[in-house]
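Structure file my_file-v5.tsv with TSV, C-alpha atoms and all ligand atoms:
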```
chain	number	residue	atom	x	y	z
G	1231	LEU	CA	50.92	1.47	-0.47
G	1232	TRP	CA	47.53	-0.26	-0.20
G	1233	ILE	CA	46.70	0.97	-3.69
G	1234	ILE	CA	49.81	-0.74	-5.06
G	1235	GLU	CA	48.99	-3.93	-3.16
G	1236	TRP	CA	45.39	-3.87	-4.37
G	1237	TYR	CA	46.51	-3.20	-7.94
G	1238	THR	CA	49.12	-5.99	-7.82
G	1239	ARG	CA	46.46	-8.43	-6.66
G	1240	LEU	CA	44.16	-7.29	-9.43
G	1241	VAL	CA	46.70	-7.54	-12.24
G	1242	LYS	CA	46.92	-11.12	-13.37
G	1243	LYS	CA	50.16	-12.48	-14.74
G	1244	ILE	CA	50.86	-15.37	-17.07
G	1245	HIS	CA	52.05	-17.25	-14.00
G	1246	ASP	CA	48.49	-17.23	-12.59
G	1247	LEU	CA	46.98	-19.02	-15.59
G	1248	PRO	CA	45.56	-22.56	-15.40
G	1249	THR	CA	47.70	-24.79	-17.62
G	1250	PRO	CA	47.49	-26.08	-20.24
G	1251	CYS	CA	45.79	-23.08	-21.84
G	1252	LEU	CA	45.97	-20.92	-24.93
G	1253	VAL	CA	47.80	-17.63	-24.52
G	1254	LEU	CA	47.33	-15.04	-27.22
G	1255	ASP	CA	49.95	-12.30	-27.42
G	1256	LEU	CA	47.91	-9.21	-28.29
G	1257	GLU	CA	50.85	-7.18	-29.59
G	1258	ARG	CA	51.74	-9.92	-32.06
G	1259	LEU	CA	48.12	-10.48	-33.01
G	1260	GLU	CA	47.61	-6.77	-33.69
G	1261	SER	CA	50.81	-6.65	-35.70
G	1262	ASN	CA	49.69	-9.65	-37.82
G	1263	LEU	CA	46.27	-8.09	-38.38
G	1264	ASP	CA	47.85	-4.76	-39.36
G	1265	THR	CA	50.37	-6.38	-41.70
G	1266	MET	CA	47.74	-8.31	-43.65
G	1267	SER	CA	45.22	-5.47	-43.86
G	1268	ARG	CA	47.91	-2.98	-44.94
G	1269	PHE	CA	49.12	-5.45	-47.56
G	1270	ALA	CA	45.61	-5.95	-48.96
G	1271	GLN	CA	44.99	-2.21	-49.07
G	1272	GLU	CA	48.27	-1.55	-50.84
G	1273	ARG	CA	47.61	-4.31	-53.38
G	1274	GLY	CA	44.07	-3.05	-53.90
G	1275	ILE	CA	42.55	-6.46	-53.15
G	1276	GLY	CA	39.72	-7.32	-50.79
G	1277	LEU	CA	40.27	-9.33	-47.62
G	1278	ARG	CA	37.66	-11.64	-46.14
G	1279	PRO	CA	39.78	-13.55	-43.61
G	1280	HIS	CA	38.83	-17.07	-42.63
G	1281	ALA	CA	37.46	-17.38	-39.10
G	1282	LYS	CA	37.89	-21.17	-39.04
G	1283	THR	CA	41.32	-20.40	-37.55
G	1284	HIS	CA	40.17	-18.40	-34.53
G	1285	LYS	CA	36.39	-19.04	-34.19
G	1286	CYS	CA	36.31	-15.86	-32.14
G	1287	THR	CA	34.04	-12.84	-32.60
G	1288	HIS	CA	36.55	-10.52	-30.88
G	1289	ILE	CA	39.14	-11.28	-33.55
G	1290	ALA	CA	36.61	-11.10	-36.39
G	1291	ARG	CA	35.59	-7.65	-35.18
G	1292	ARG	CA	39.21	-6.50	-35.18
G	1293	GLN	CA	39.62	-7.77	-38.74
G	1294	ILE	CA	36.54	-5.85	-39.87
G	1295	GLU	CA	37.70	-2.71	-38.04
G	1296	ARG	CA	40.88	-2.92	-40.11
G	1297	GLY	CA	38.97	-2.92	-43.38
G	1298	ALA	CA	38.05	-6.56	-44.04
G	1299	LEU	CA	35.03	-6.97	-46.35
G	1300	GLY	CA	33.60	-9.57	-44.02
G	1301	ILE	CA	34.57	-12.94	-42.61
G	1302	CYS	CA	34.73	-16.44	-44.10
G	1303	VAL	CA	33.34	-19.28	-42.02
G	1304	ALA	CA	33.60	-23.02	-42.55
G	1305	THR	CA	30.56	-24.32	-40.69
G	1306	ILE	CA	26.99	-23.24	-40.10
G	1307	ALA	CA	27.74	-23.04	-36.35
G	1308	GLU	CA	30.54	-20.54	-37.04
G	1309	ALA	CA	28.17	-18.55	-39.26
G	1310	GLU	CA	25.56	-18.46	-36.49
G	1311	VAL	CA	28.05	-17.28	-33.86
G	1312	MET	CA	29.38	-14.53	-36.14
G	1313	ALA	CA	25.94	-13.40	-37.35
G	1314	ARG	CA	24.64	-13.23	-33.78
G	1315	ALA	CA	27.59	-11.02	-32.85
G	1316	GLY	CA	26.71	-8.59	-35.63
G	1317	ILE	CA	29.52	-9.61	-37.99
G	1318	ARG	CA	28.41	-9.08	-41.59
G	1319	GLY	CA	29.78	-10.01	-45.01
G	1320	LEU	CA	29.88	-13.71	-44.13
G	1321	LEU	CA	31.00	-16.24	-46.72
G	1322	LEU	CA	30.30	-19.88	-45.91
G	1323	THR	CA	33.10	-21.79	-47.63
G	1324	GLY	CA	31.57	-25.19	-46.87
G	1325	GLU	CA	28.57	-26.52	-48.82
G	1326	MET	CA	25.28	-26.48	-46.90
G	1327	VAL	CA	23.87	-29.87	-47.84
G	1328	GLY	CA	20.77	-31.38	-46.22
G	1329	GLU	CA	17.72	-29.88	-44.59
G	1330	PRO	CA	19.18	-29.31	-41.09
G	1331	LYS	CA	22.01	-27.14	-42.45
G	1332	ILE	CA	19.87	-25.40	-45.05
G	1333	SER	CA	17.22	-24.36	-42.54
G	1334	ARG	CA	19.93	-22.93	-40.25
G	1335	LEU	CA	21.45	-21.13	-43.24
G	1336	ILE	CA	18.08	-19.54	-44.02
G	1337	ARG	CA	17.87	-18.27	-40.44
G	1338	VAL	CA	21.41	-16.83	-40.69
G	1339	ILE	CA	20.54	-15.07	-43.96
G	1340	LYS	CA	17.43	-13.56	-42.39
G	1341	GLN	CA	19.68	-12.13	-39.69
G	1342	ALA	CA	22.60	-11.24	-41.99
G	1343	PRO	CA	21.19	-10.85	-45.54
G	1344	ASP	CA	24.56	-10.28	-47.23
G	1345	THR	CA	25.73	-13.79	-46.25
G	1346	MET	CA	27.05	-15.84	-49.18
G	1347	VAL	CA	27.30	-19.60	-49.51
G	1348	VAL	CA	29.28	-21.84	-51.86
G	1349	VAL	CA	27.62	-24.47	-54.05
G	1350	ASP	CA	29.12	-27.26	-56.17
G	1351	ASN	CA	26.10	-29.37	-57.12
G	1352	SER	CA	22.87	-28.64	-58.99
G	1353	ARG	CA	20.82	-30.78	-56.59
G	1354	ASN	CA	22.02	-28.56	-53.78
G	1355	VAL	CA	21.03	-25.52	-55.88
G	1356	GLU	CA	17.50	-26.95	-56.17
G	1357	ASP	CA	17.29	-27.59	-52.41
G	1358	LEU	CA	18.50	-24.07	-51.63
G	1359	GLU	CA	16.06	-22.60	-54.16
G	1360	ARG	CA	13.14	-24.45	-52.58
G	1361	ALA	CA	14.06	-23.35	-49.05
G	1362	ALA	CA	14.79	-19.74	-50.06
G	1363	GLY	CA	11.52	-19.57	-52.01
G	1364	ALA	CA	9.54	-20.87	-49.04
G	1365	ALA	CA	11.22	-18.31	-46.77
G	1366	GLY	CA	10.84	-15.53	-49.33
G	1367	ILE	CA	14.51	-14.58	-49.30
G	1368	GLN	CA	17.41	-14.29	-51.75
G	1369	VAL	CA	20.55	-16.40	-51.37
G	1370	SER	CA	23.87	-15.14	-52.71
G	1371	ALA	CA	26.03	-17.96	-54.04
G	1372	LEU	CA	29.59	-18.55	-55.18
G	1373	ILE	CA	30.51	-21.55	-57.28
G	1374	ASP	CA	33.01	-23.63	-55.35
G	1375	LEU	CA	35.66	-24.70	-57.84
G	1376	ASP	CA	37.98	-27.67	-57.35
G	1377	ILE	CA	41.29	-26.36	-58.65
G	1378	GLY	CA	43.30	-29.37	-57.52
G	1379	GLN	CA	42.64	-29.95	-53.82
G	1380	ASN	CA	40.31	-32.83	-54.60
G	1381	ARG	CA	37.97	-31.96	-51.74
G	1382	THR	CA	34.69	-30.20	-52.46
G	1383	GLY	CA	34.13	-28.05	-55.53
G	1384	ILE	CA	32.94	-28.62	-59.06
G	1385	GLN	CA	35.39	-29.17	-61.88
G	1386	PRO	CA	36.45	-26.04	-63.78
G	1387	GLY	CA	35.19	-25.32	-67.29
G	1388	GLU	CA	32.00	-26.91	-68.68
G	1389	PRO	CA	30.77	-28.50	-65.37
G	1390	ALA	CA	31.05	-25.11	-63.63
G	1391	LEU	CA	29.22	-23.45	-66.53
G	1392	ASN	CA	26.36	-25.97	-66.24
G	1393	LEU	CA	26.12	-25.20	-62.54
G	1394	ALA	CA	26.05	-21.46	-63.28
G	1395	GLU	CA	23.13	-22.12	-65.65
G	1396	SER	CA	21.18	-23.95	-62.96
G	1397	ILE	CA	21.85	-21.12	-60.49
G	1398	GLY	CA	20.64	-18.73	-63.20
G	1399	ARG	CA	17.34	-20.65	-63.41
G	1400	ALA	CA	16.82	-20.46	-59.64
G	1401	LYS	CA	14.74	-17.37	-58.90
G	1402	HIS	CA	15.89	-17.05	-55.30
G	1403	LEU	CA	19.61	-17.58	-55.91
G	1404	GLN	CA	22.02	-14.95	-57.16
G	1405	LEU	CA	25.37	-15.91	-58.57
G	1406	LYS	CA	28.09	-13.61	-57.24
G	1407	GLY	CA	31.18	-15.36	-58.46
G	1408	ILE	CA	33.70	-18.11	-57.81
G	1409	CYS	CA	35.42	-19.48	-54.74
G	1410	ALA	CA	38.74	-21.07	-55.73
G	1411	TYR	CA	40.68	-22.05	-52.64
G	1412	ALA	CA	43.82	-24.07	-53.32
G	1413	GLY	CA	44.43	-25.74	-49.97
G	1414	HIS	CA	46.90	-28.19	-51.50
G	1415	VAL	CA	49.20	-25.29	-52.39
G	1416	ALA	CA	49.19	-23.41	-49.08
G	1417	HIS	CA	52.08	-25.34	-47.54
G	1418	VAL	CA	54.25	-26.01	-50.58
G	1419	VAL	CA	57.79	-25.44	-49.30
G	1420	GLY	CA	59.77	-22.67	-51.00
G	1421	PHE	CA	58.31	-19.42	-52.28
G	1422	ASP	CA	59.07	-19.93	-55.98
G	1423	GLU	CA	57.74	-23.47	-55.97
G	1424	ARG	CA	54.59	-22.32	-54.17
G	1425	ARG	CA	54.08	-19.47	-56.61
G	1426	ALA	CA	54.36	-21.82	-59.60
G	1427	HIS	CA	51.83	-24.24	-58.07
G	1428	SER	CA	49.39	-21.48	-57.16
G	1429	GLN	CA	49.55	-19.79	-60.54
G	1430	ARG	CA	48.89	-23.13	-62.25
G	1431	ALA	CA	45.91	-23.86	-59.98
G	1432	LEU	CA	44.37	-20.41	-60.32
G	1433	ALA	CA	44.74	-20.36	-64.10
G	1434	GLN	CA	41.80	-22.80	-64.14
G	1435	ALA	CA	39.73	-20.38	-62.07
G	1436	LEU	CA	40.51	-17.49	-64.41
G	1437	ALA	CA	39.59	-19.55	-67.48
G	1438	THR	CA	36.32	-20.62	-65.83
G	1439	ARG	CA	35.53	-17.03	-64.85
G	1440	ASP	CA	36.01	-15.97	-68.49
G	1441	LEU	CA	33.83	-18.83	-69.73
G	1442	LEU	CA	31.02	-17.92	-67.33
G	1443	ARG	CA	31.22	-14.25	-68.29
G	1444	ARG	CA	31.10	-15.10	-71.99
G	1445	HIS	CA	27.79	-16.82	-71.26
G	1446	GLY	CA	26.46	-13.77	-69.45
G	1447	HIS	CA	26.94	-14.89	-65.86
G	1448	ASN	CA	27.89	-12.52	-63.08
G	1449	VAL	CA	31.37	-13.17	-61.66
G	1450	GLU	CA	32.07	-10.10	-59.60
G	1451	ILE	CA	33.92	-12.09	-56.93
G	1452	LEU	CA	36.92	-14.36	-57.37
G	1453	SER	CA	37.93	-15.47	-53.91
G	1454	GLY	CA	40.90	-17.61	-52.85
G	1455	ALA	CA	44.34	-17.45	-51.21
G	1456	SER	CA	45.75	-18.84	-47.99
G	1457	THR	CA	48.34	-17.50	-45.59
G	1458	GLY	CA	50.94	-19.29	-47.71
G	1459	THR	CA	49.86	-17.64	-50.98
G	1460	TYR	CA	48.55	-14.17	-49.99
G	1461	ASN	CA	51.58	-12.46	-51.59
G	1462	ILE	CA	51.27	-14.66	-54.69
G	1463	ASP	CA	47.55	-14.76	-55.45
G	1464	SER	CA	47.07	-11.04	-54.85
G	1465	TYR	CA	49.31	-10.44	-57.89
G	1466	ILE	CA	47.10	-12.59	-60.10
G	1467	GLU	CA	44.97	-10.39	-62.33
G	1468	GLY	CA	41.29	-10.78	-61.54
G	1469	MET	CA	41.55	-12.11	-57.96
G	1470	THR	CA	39.12	-9.87	-56.07
G	1471	GLU	CA	39.55	-11.10	-52.49
G	1472	MET	CA	41.64	-13.26	-50.17
G	1473	GLN	CA	40.42	-15.70	-47.53
G	1474	SER	CA	43.68	-16.29	-45.60
G	1475	GLY	CA	43.17	-17.40	-42.02
G	1476	SER	CA	46.22	-18.71	-40.17
G	1477	TYR	CA	48.19	-15.45	-40.44
G	1478	VAL	CA	46.51	-14.21	-37.25
G	1479	PHE	CA	48.25	-16.85	-35.10
G	1480	MET	CA	50.80	-18.71	-37.24
G	1481	ASP	CA	52.01	-22.21	-36.33
G	1482	VAL	CA	54.96	-24.58	-36.67
G	1483	GLU	CA	53.63	-25.88	-39.98
G	1484	TYR	CA	53.52	-22.46	-41.61
G	1485	ARG	CA	56.92	-21.45	-40.26
G	1486	LYS	CA	58.41	-24.43	-42.10
G	1487	ILE	CA	57.25	-23.44	-45.60
G	1488	GLY	CA	59.79	-20.68	-46.12
G	1489	GLY	CA	59.12	-17.06	-47.01
G	1490	LYS	CA	59.99	-14.87	-49.93
G	1491	SER	CA	63.42	-14.20	-48.50
G	1492	GLY	CA	64.30	-17.00	-46.11
G	1493	SER	CA	63.84	-20.59	-45.01
G	1494	VAL	CA	61.57	-19.61	-42.10
G	1495	TYR	CA	58.26	-18.00	-43.03
G	1496	GLU	CA	58.24	-14.88	-40.89
G	1497	ASP	CA	55.85	-12.48	-42.64
G	1498	PHE	CA	53.65	-12.97	-39.58
G	1499	SER	CA	54.81	-13.75	-36.07
G	1500	PRO	CA	53.67	-16.58	-33.80
G	1501	ALA	CA	50.99	-14.93	-31.67
G	1502	LEU	CA	49.37	-18.00	-30.16
G	1503	CYS	CA	51.01	-20.46	-27.78
G	1504	VAL	CA	49.98	-23.22	-25.46
G	1505	LEU	CA	51.15	-22.44	-21.95
G	1506	SER	CA	52.21	-25.37	-19.78
G	1507	THR	CA	53.78	-26.02	-16.39
G	1508	VAL	CA	56.83	-28.17	-15.66
G	1509	VAL	CA	55.20	-30.77	-13.40
G	1510	HIS	CA	58.13	-33.18	-13.05
G	1511	ARG	CA	61.87	-32.56	-12.86
G	1512	SER	CA	64.43	-35.25	-11.90
G	1513	GLY	CA	67.87	-36.15	-13.24
G	1514	ASN	CA	67.77	-35.32	-16.92
G	1515	LYS	CA	64.00	-35.69	-17.02
G	1516	ALA	CA	61.54	-32.80	-17.34
G	1517	VAL	CA	57.84	-33.21	-18.02
G	1518	VAL	CA	55.17	-30.60	-18.76
G	1519	ASP	CA	51.40	-30.86	-18.34
G	1520	ALA	CA	50.60	-30.41	-22.04
G	1521	GLY	CA	50.24	-33.59	-24.05
G	1522	LEU	CA	48.10	-35.10	-26.78
G	1523	LYS	CA	44.99	-33.33	-25.50
G	1524	ALA	CA	46.67	-29.92	-25.52
G	1525	PHE	CA	47.85	-29.83	-29.14
G	1526	SER	CA	46.53	-31.01	-32.47
G	1527	THR	CA	48.29	-34.23	-33.47
G	1528	ASP	CA	47.49	-34.24	-37.18
G	1529	ARG	CA	51.04	-33.42	-38.25
G	1530	PRO	CA	54.24	-35.50	-38.18
G	1531	PHE	CA	55.88	-32.86	-35.97
G	1532	GLY	CA	55.05	-31.58	-32.50
G	1533	PRO	CA	55.04	-28.17	-30.81
G	1534	GLU	CA	58.15	-25.99	-30.57
G	1535	PRO	CA	59.27	-24.34	-27.33
G	1536	PHE	CA	58.94	-20.56	-27.49
G	1537	GLY	CA	61.46	-18.21	-25.88
G	1538	ILE	CA	63.79	-20.90	-24.57
G	1539	GLU	CA	66.85	-22.44	-26.24
G	1540	GLY	CA	68.21	-25.98	-26.01
G	1541	VAL	CA	64.88	-27.64	-25.18
G	1542	ALA	CA	62.80	-29.84	-27.48
G	1543	TYR	CA	59.35	-31.35	-26.93
G	1544	GLU	CA	58.07	-34.87	-27.47
G	1545	PHE	CA	54.57	-36.19	-26.79
G	1546	ALA	CA	54.43	-38.37	-23.64
G	1547	GLY	CA	50.73	-39.19	-23.35
G	1548	ASP	CA	47.33	-37.57	-23.07
G	1549	GLU	CA	48.29	-35.02	-20.43
G	1550	HIS	CA	52.08	-34.99	-20.66
G	1551	GLY	CA	54.97	-33.87	-22.83
G	1552	ARG	CA	58.61	-34.80	-22.27
G	1553	LEU	CA	61.28	-32.15	-22.66
G	1554	VAL	CA	64.49	-33.19	-24.31
G	1555	LEU	CA	67.11	-31.09	-22.56
G	1556	ALA	CA	69.93	-30.35	-24.98
G	1557	GLY	CA	71.78	-27.48	-23.36
G	1558	GLY	CA	68.70	-25.75	-21.96
G	1559	ASP	CA	67.22	-26.35	-18.51
G	1560	VAL	CA	63.94	-25.83	-16.67
G	1561	GLN	CA	62.83	-25.99	-13.05
G	1562	LEU	CA	59.80	-27.54	-11.42
G	1563	GLY	CA	56.88	-25.13	-11.70
G	1564	ASP	CA	58.30	-23.17	-14.64
G	1565	LYS	CA	55.76	-21.99	-17.17
G	1566	LEU	CA	56.73	-22.81	-20.74
G	1567	ARG	CA	55.14	-21.62	-23.96
G	1568	PHE	CA	54.93	-23.69	-27.12
G	1569	ILE	CA	54.24	-22.67	-30.69
G	1570	ILE	CA	51.45	-24.97	-31.80
G	1571	PRO	CA	51.95	-27.48	-34.64
G	1572	HIS	CA	48.74	-26.59	-36.53
G	1573	CYS	CA	46.65	-23.67	-35.34
G	1574	ASP	CA	43.07	-24.43	-36.45
G	1575	PRO	CA	42.60	-27.86	-34.85
G	1576	THR	CA	44.51	-26.79	-31.72
G	1577	VAL	CA	42.24	-23.78	-31.14
G	1578	ASN	CA	39.27	-26.11	-31.51
G	1579	LEU	CA	40.41	-28.00	-28.37
G	1580	TYR	CA	39.89	-24.99	-26.09
G	1581	ASP	CA	37.06	-22.76	-24.98
G	1582	ARG	CA	38.95	-19.46	-24.54
G	1583	PHE	CA	42.03	-17.43	-25.34
G	1584	PHE	CA	43.86	-15.79	-22.46
G	1585	CYS	CA	44.99	-12.52	-24.01
G	1586	ILE	CA	48.32	-11.22	-22.78
G	1587	ARG	CA	50.34	-8.06	-23.21
G	1588	SER	CA	53.93	-8.63	-22.09
G	1589	GLU	CA	53.44	-10.73	-18.95
G	1590	THR	CA	50.05	-9.32	-18.01
G	1591	VAL	CA	46.76	-11.09	-18.70
G	1592	GLU	CA	44.57	-8.40	-20.24
G	1593	ASP	CA	41.45	-10.26	-21.31
G	1594	GLU	CA	39.70	-13.57	-21.97
G	1595	TRP	CA	38.03	-14.15	-25.33
G	1596	PRO	CA	35.67	-17.09	-25.84
G	1597	ILE	CA	36.12	-19.52	-28.73
G	1598	MET	CA	32.75	-20.17	-30.45
G	1599	GLU	CA	31.17	-18.51	-27.39
G	1600	ARG	CA	31.82	-21.78	-25.53
G	1601	ALA	CA	33.27	-20.10	-22.47
G	1602	THR	CA	29.87	-18.99	-21.31
G	1603	GLY	CA	30.47	-19.61	-17.61
G	1604	ALA	CA	32.22	-17.17	-15.32
G	1605	PRO	CA	35.55	-15.87	-16.56
G	1606	TYR	CA	38.56	-17.61	-15.02
G	1607	PHE	CA	39.61	-14.46	-13.16
N	1	LIG	C1	38.24	-22.79	-47.77
N	1	LIG	C2	39.37	-22.21	-46.99
N	1	LIG	N1	39.71	-20.93	-47.18
N	1	LIG	C3	40.72	-20.35	-46.50
N	1	LIG	C4	41.46	-21.07	-45.58
N	1	LIG	C5	42.55	-20.36	-44.83
N	1	LIG	O1	43.81	-20.86	-45.10
N	1	LIG	P1	45.04	-20.57	-44.16
N	1	LIG	O2	44.60	-20.81	-42.76
N	1	LIG	O3	46.06	-21.54	-44.61
N	1	LIG	O4	45.42	-19.15	-44.39
N	1	LIG	C6	41.16	-22.41	-45.36
N	1	LIG	C7	41.96	-23.19	-44.41
N	1	LIG	O5	41.94	-24.38	-44.31
N	1	LIG	C8	40.08	-23.00	-46.08
N	1	LIG	O6	39.73	-24.30	-45.90
```
Could you render the structure from this file as structure tokens?
Ligand SMILES: Cc1ncc(COP(=O)(O)O)c(C=O)c1O
Amino acid sequence: LWIIEWYTRLVKKIHDLPTPCLVLDLERLESNLDTMSRFAQERGIGLRPHAKTHKCTHIARRQIERGALGICVATIAEAEVMARAGIRGLLLTGEMVGEPKISRLIRVIKQAPDTMVVVDNSRNVEDLERAAGAAGIQVSALIDLDIGQNRTGIQPGEPALNLAESIGRAKHLQLKGICAYAGHVAHVVGFDERRAHSQRALAQALATRDLLRRHGHNVEILSGASTGTYNIDSYIEGMTEMQSGSYVFMDVEYRKIGGKSGSVYEDFSPALCVLSTVVHRSGNKAVVDAGLKAFSTDRPFGPEPFGIEGVAYEFAGDEHGRLVLAGGDVQLGDKLRFIIPHCDPTVNLYDRFFCIRSETVEDEWPIMERATGAPYF
């Protein structure tokens, strides 16, 4: 009997977690990872998933174990965390502009020599060349192409060719190919509409690739694709790898875009939730302890209750959310899970994932190695 009692005390349940917190359903995560890696293998396309979504070395390692070529990162800090953890095949999808970032990049490349970085400006090429020359290392580069997002990236065609020429002149830079991420297409609602948009955007990347090759430049990599377009872009001839990220967790925003065969996008299942506690219950009023600080607020919609019907959520301040009870009910102290509106910026609000299997808390994984203190349990 004492063994059972001891074991029961040792096994931590969702109910023991400090709310609000991130709970990561490991079965769903593993299923999402398997689905994407199987898809990429069957399509014969590389997968270098974006770690900006999870910022977690444990998840990156699981992606690599399932055959990923490496991991994309958005920031130099993400690159450092991943490189330190032994993750290789890094692709920095954000330009490293300015001495502070370039010197950190050089250190990352010394640690992880196959790291690649995107460039979209010849001045940046010169700065990288100078730093790489001084350090005596080679830097692998992809041309970041603006195929319609109007963020970073050089224009397709002639401007990209000129940039390829300046990379060609830099002795310590090696051109590997093109990064063509169409972020403006990822959430286009309706599969057919999304496919049409993505094909149009990527046609510019294919034309630029051909132009560069005609001038003798190496374009062995053509990288792109989001969670919304993985099963579109992978059918485009010449795409060599995908950088989808959100598929690991999913979110309300992605569920709204519609899948190939339905109005809810369900190729991947919601694996990440914010867990909250009902901290007030009176009359028809119910309030949880997860508010503006617990979810990203960059979208016109809020979180969606998970596993409970007839209950909706509305923001009610920094630390609170109001439940609109429409047929469903909750009691004081209940733990409620919410699918998050937008996964990347929500994850960024926390320092760890509590990993669950069924109702049991199996592990804690740090986000950006921030949870460096003692584990919660
Ligand atoms: C450059 C880049 N690549 C890939 C991704 C991953 O896209 P998603 O999370 O929609 O799959 C993002 C996400 O914002 C991105 O900025």
Near-segment 1502-1514 of chain G list (7 Å; only C-alpha atoms; drop same-chain fewer than 5 positions) as number ranges by chain: G: 1249-1255, 1479, 1519-1520, 1561-1570
Near-segment 1468-1471 of chain G list (6 Å; all atoms listed in the file; drop same-chain fewer than 3 positions) as a ChimeraX atom specification: /G:1275-1277,1451-1453
Residue contacts of Leu1441 of chain G (10 Å, all atoms listed in the file) excluding same-chain residues fewer than 2 positions away, as a list in words: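 Final neighbour list, sorted by chain and number: Pro1386, Gly1387, Glu1388, Ala1390, Leu1391, Ala1435, Leu1436, Ala1437, Thr1438, Arg1439, Arg1443, Arg1444, His1445, Gly1446 and His1447 of chain G.
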Nearby polymer residues, ligand LIG 1 (chain N), at most 8 Å, all atoms listed in the file, as a PyMOL selection string: chain G and resi 1279-1280+1282-1283+1302+1304+1323-1324+1411-1413+1416-1417+1454-1458+1473-1477+1574
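Across the structure, atom CA of Tyr1460 of chain G and atom CA of Arg1430 of chain G are spaced 15.2 Å apart.
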Nearest to Met1480 of chain G, chosen from G:Pro1535, G:Gly1274, G:Gly1420, G:Pro1571, with all atoms listed in the file counted in the distances: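 Nearest candidate to Met1480 of chain G out of G:Pro1535, G:Gly1274, G:Gly1420, G:Pro1571: G:Pro1571.
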